[in-house]
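Dumped protein.cif below, it's mmCIF, C-alpha atoms, pLDDT in the B column; chains and numbers go by the auth columns:
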```
data_work
#
loop_
_atom_site.group_PDB
_atom_site.id
_atom_site.type_symbol
_atom_site.label_atom_id
_atom_site.label_comp_id
_atom_site.label_asym_id
_atom_site.label_seq_id
_atom_site.Cartn_x
_atom_site.Cartn_y
_atom_site.Cartn_z
_atom_site.B_iso_or_equiv
_atom_site.auth_seq_id
_atom_site.auth_asym_id
ATOM 1 C CA MET A 1 103.305 109.572 108.330 84.00 573 A
ATOM 2 C CA GLN A 2 106.824 108.239 107.784 86.00 574 A
ATOM 3 C CA LYS A 3 105.796 106.382 104.626 86.00 575 A
ATOM 4 C CA LEU A 4 104.255 109.572 103.227 86.00 576 A
ATOM 5 C CA LYS A 5 107.412 111.556 104.011 85.00 577 A
ATOM 6 C CA VAL A 6 109.516 108.976 102.192 86.00 578 A
ATOM 7 C CA ALA A 7 107.119 109.133 99.233 85.00 579 A
ATOM 8 C CA SER A 8 107.543 112.904 98.985 82.00 580 A
ATOM 9 C CA ILE A 9 111.322 112.618 98.918 85.00 581 A
ATOM 10 C CA SER A 10 111.759 109.547 96.723 85.00 582 A
ATOM 11 C CA VAL A 11 108.735 109.991 94.395 82.00 583 A
ATOM 12 C CA GLN A 12 107.593 106.460 95.269 85.00 584 A
ATOM 13 C CA ASN A 13 103.841 105.995 95.135 89.00 585 A
ATOM 14 C CA PRO A 14 102.651 104.804 98.588 88.00 586 A
ATOM 15 C CA GLY A 15 99.726 103.078 96.889 90.00 587 A
ATOM 16 C CA PHE A 16 96.042 103.794 96.611 93.00 588 A
ATOM 17 C CA GLU A 17 94.994 101.440 99.417 92.00 589 A
ATOM 18 C CA PHE A 18 97.524 102.911 101.859 91.00 590 A
ATOM 19 C CA SER A 19 96.468 106.455 100.977 91.00 591 A
ATOM 20 C CA LYS A 20 92.821 105.495 101.409 92.00 592 A
ATOM 21 C CA GLU A 21 93.527 104.033 104.878 91.00 593 A
ATOM 22 C CA CYS A 22 95.236 107.265 105.970 90.00 594 A
ATOM 23 C CA TRP A 23 92.506 109.467 104.482 92.00 595 A
ATOM 24 C CA ASP A 24 90.463 109.561 107.727 91.00 596 A
ATOM 25 C CA ASP A 25 93.169 111.474 109.616 92.00 597 A
ATOM 26 C CA PRO A 26 92.868 115.232 108.851 92.00 598 A
ATOM 27 C CA ALA A 27 96.616 115.851 109.168 91.00 599 A
ATOM 28 C CA LEU A 28 97.464 112.983 106.828 92.00 600 A
ATOM 29 C CA MET A 29 94.720 114.110 104.443 93.00 601 A
ATOM 30 C CA LEU A 30 96.553 117.407 103.930 93.00 602 A
ATOM 31 C CA VAL A 31 99.836 115.610 103.305 91.00 603 A
ATOM 32 C CA ILE A 32 98.192 113.241 100.815 92.00 604 A
ATOM 33 C CA LYS A 33 96.509 116.125 98.968 93.00 605 A
ATOM 34 C CA LYS A 34 99.871 117.882 98.609 92.00 606 A
ATOM 35 C CA LEU A 35 101.504 114.687 97.350 91.00 607 A
ATOM 36 C CA LEU A 36 98.743 114.102 94.802 92.00 608 A
ATOM 37 C CA ALA A 37 99.092 117.653 93.499 92.00 609 A
ATOM 38 C CA ARG A 38 102.854 117.247 93.281 92.00 610 A
ATOM 39 C CA PHE A 39 102.793 113.825 91.580 91.00 611 A
ATOM 40 C CA PRO A 40 99.839 113.592 89.156 92.00 612 A
ATOM 41 C CA GLN A 41 101.560 110.686 87.401 92.00 613 A
ATOM 42 C CA TRP A 42 100.446 108.428 90.272 91.00 614 A
ATOM 43 C CA GLY A 43 96.938 108.473 88.836 92.00 615 A
ATOM 44 C CA ILE A 44 95.208 109.186 92.162 93.00 616 A
ATOM 45 C CA VAL A 45 92.993 112.255 92.543 93.00 617 A
ATOM 46 C CA CYS A 46 90.762 113.757 95.210 92.00 618 A
ATOM 47 C CA VAL A 47 87.225 114.439 93.970 92.00 619 A
ATOM 48 C CA ASP A 48 84.725 116.016 96.380 91.00 620 A
ATOM 49 C CA GLY A 49 86.797 114.845 99.359 90.00 621 A
ATOM 50 C CA VAL A 50 87.059 111.233 98.125 91.00 622 A
ATOM 51 C CA LEU A 51 90.156 109.525 96.756 92.00 623 A
ATOM 52 C CA VAL A 52 89.729 108.108 93.273 93.00 624 A
ATOM 53 C CA ASP A 53 92.189 105.801 91.507 88.00 625 A
#
```

Is it possible to express this structure as structure tokens?
Amino acid sequence: MQKLKVASISVQNPGFEFSKECWDDPALMLVIKKLLARFPQWGIVCVDGVLVD
């Protein structure tokens, strides 16, 4: 959670693999979805509930 909070403040991409690892936790899933909507330049999207790089 801390790494995702830092990403939201500093605009640093936490990485696709890290995001994918956190994807199973419903609370983190919401945070990741918000980050992806906020930073489309990262090139990661959520399609049908699956992260795609």

Tell me which protein, DNA and RNA residues are within 12 Å of Leu600 in chain A, counting all atoms listed in the file, leaving out same-chain ones fewer than 2 positions away, and put them as a CSV table (one decimal) with C-alpha atoms, keeping the file's coordinate frame.
```
chain,number,residue,atom,x,y,z
A,573,MET,CA,103.3,109.6,108.3
A,574,GLN,CA,106.8,108.2,107.8
A,575,LYS,CA,105.8,106.4,104.6
A,576,LEU,CA,104.3,109.6,103.2
A,577,LYS,CA,107.4,111.6,104.0
A,590,PHE,CA,97.5,102.9,101.9
A,591,SER,CA,96.5,106.5,101.0
A,592,LYS,CA,92.8,105.5,101.4
A,593,GLU,CA,93.5,104.0,104.9
A,594,CYS,CA,95.2,107.3,106.0
A,595,TRP,CA,92.5,109.5,104.5
A,596,ASP,CA,90.5,109.6,107.7
A,597,ASP,CA,93.2,111.5,109.6
A,598,PRO,CA,92.9,115.2,108.9
A,602,LEU,CA,96.6,117.4,103.9
A,603,VAL,CA,99.8,115.6,103.3
A,604,ILE,CA,98.2,113.2,100.8
A,605,LYS,CA,96.5,116.1,99.0
A,606,LYS,CA,99.9,117.9,98.6
A,607,LEU,CA,101.5,114.7,97.4
```

Inset, instruction - Work out how far CA of Pro586 in chain A is from CA of Leu623 in chain A, in Å to one decimal. - result: 13.5 Å

Legend entry - Separation of CA of Ile581 in chain A from CA of Val619 in chain A, in Å and rounded to one decimal: 24.7 Å

Legend entry - CA of Leu608 in chain A to CA of Phe588 in chain A, straight-line distance in Å: 10.8 Å

Inset, instruction - Check which residues satisfy the PyMOL selection byres ((chain A and resi 615) around 12) in the file shown, then give them as a PyMOL selection string. - result: chain A and resi 585-588+607-614+616-618+623-625

Edge lengths and centre in Å to one decimal, as AutoDock Vina command-line options, is what I'm after for the box along x, y and z that holds all listed atoms of range 588-604 of chain A once 6 Å is added on each side.
```
--center_x 95.1 --center_y 109.4 --center_z 103.1 --size_x 21.4 --size_y 28.0 --size_z 25.0
```
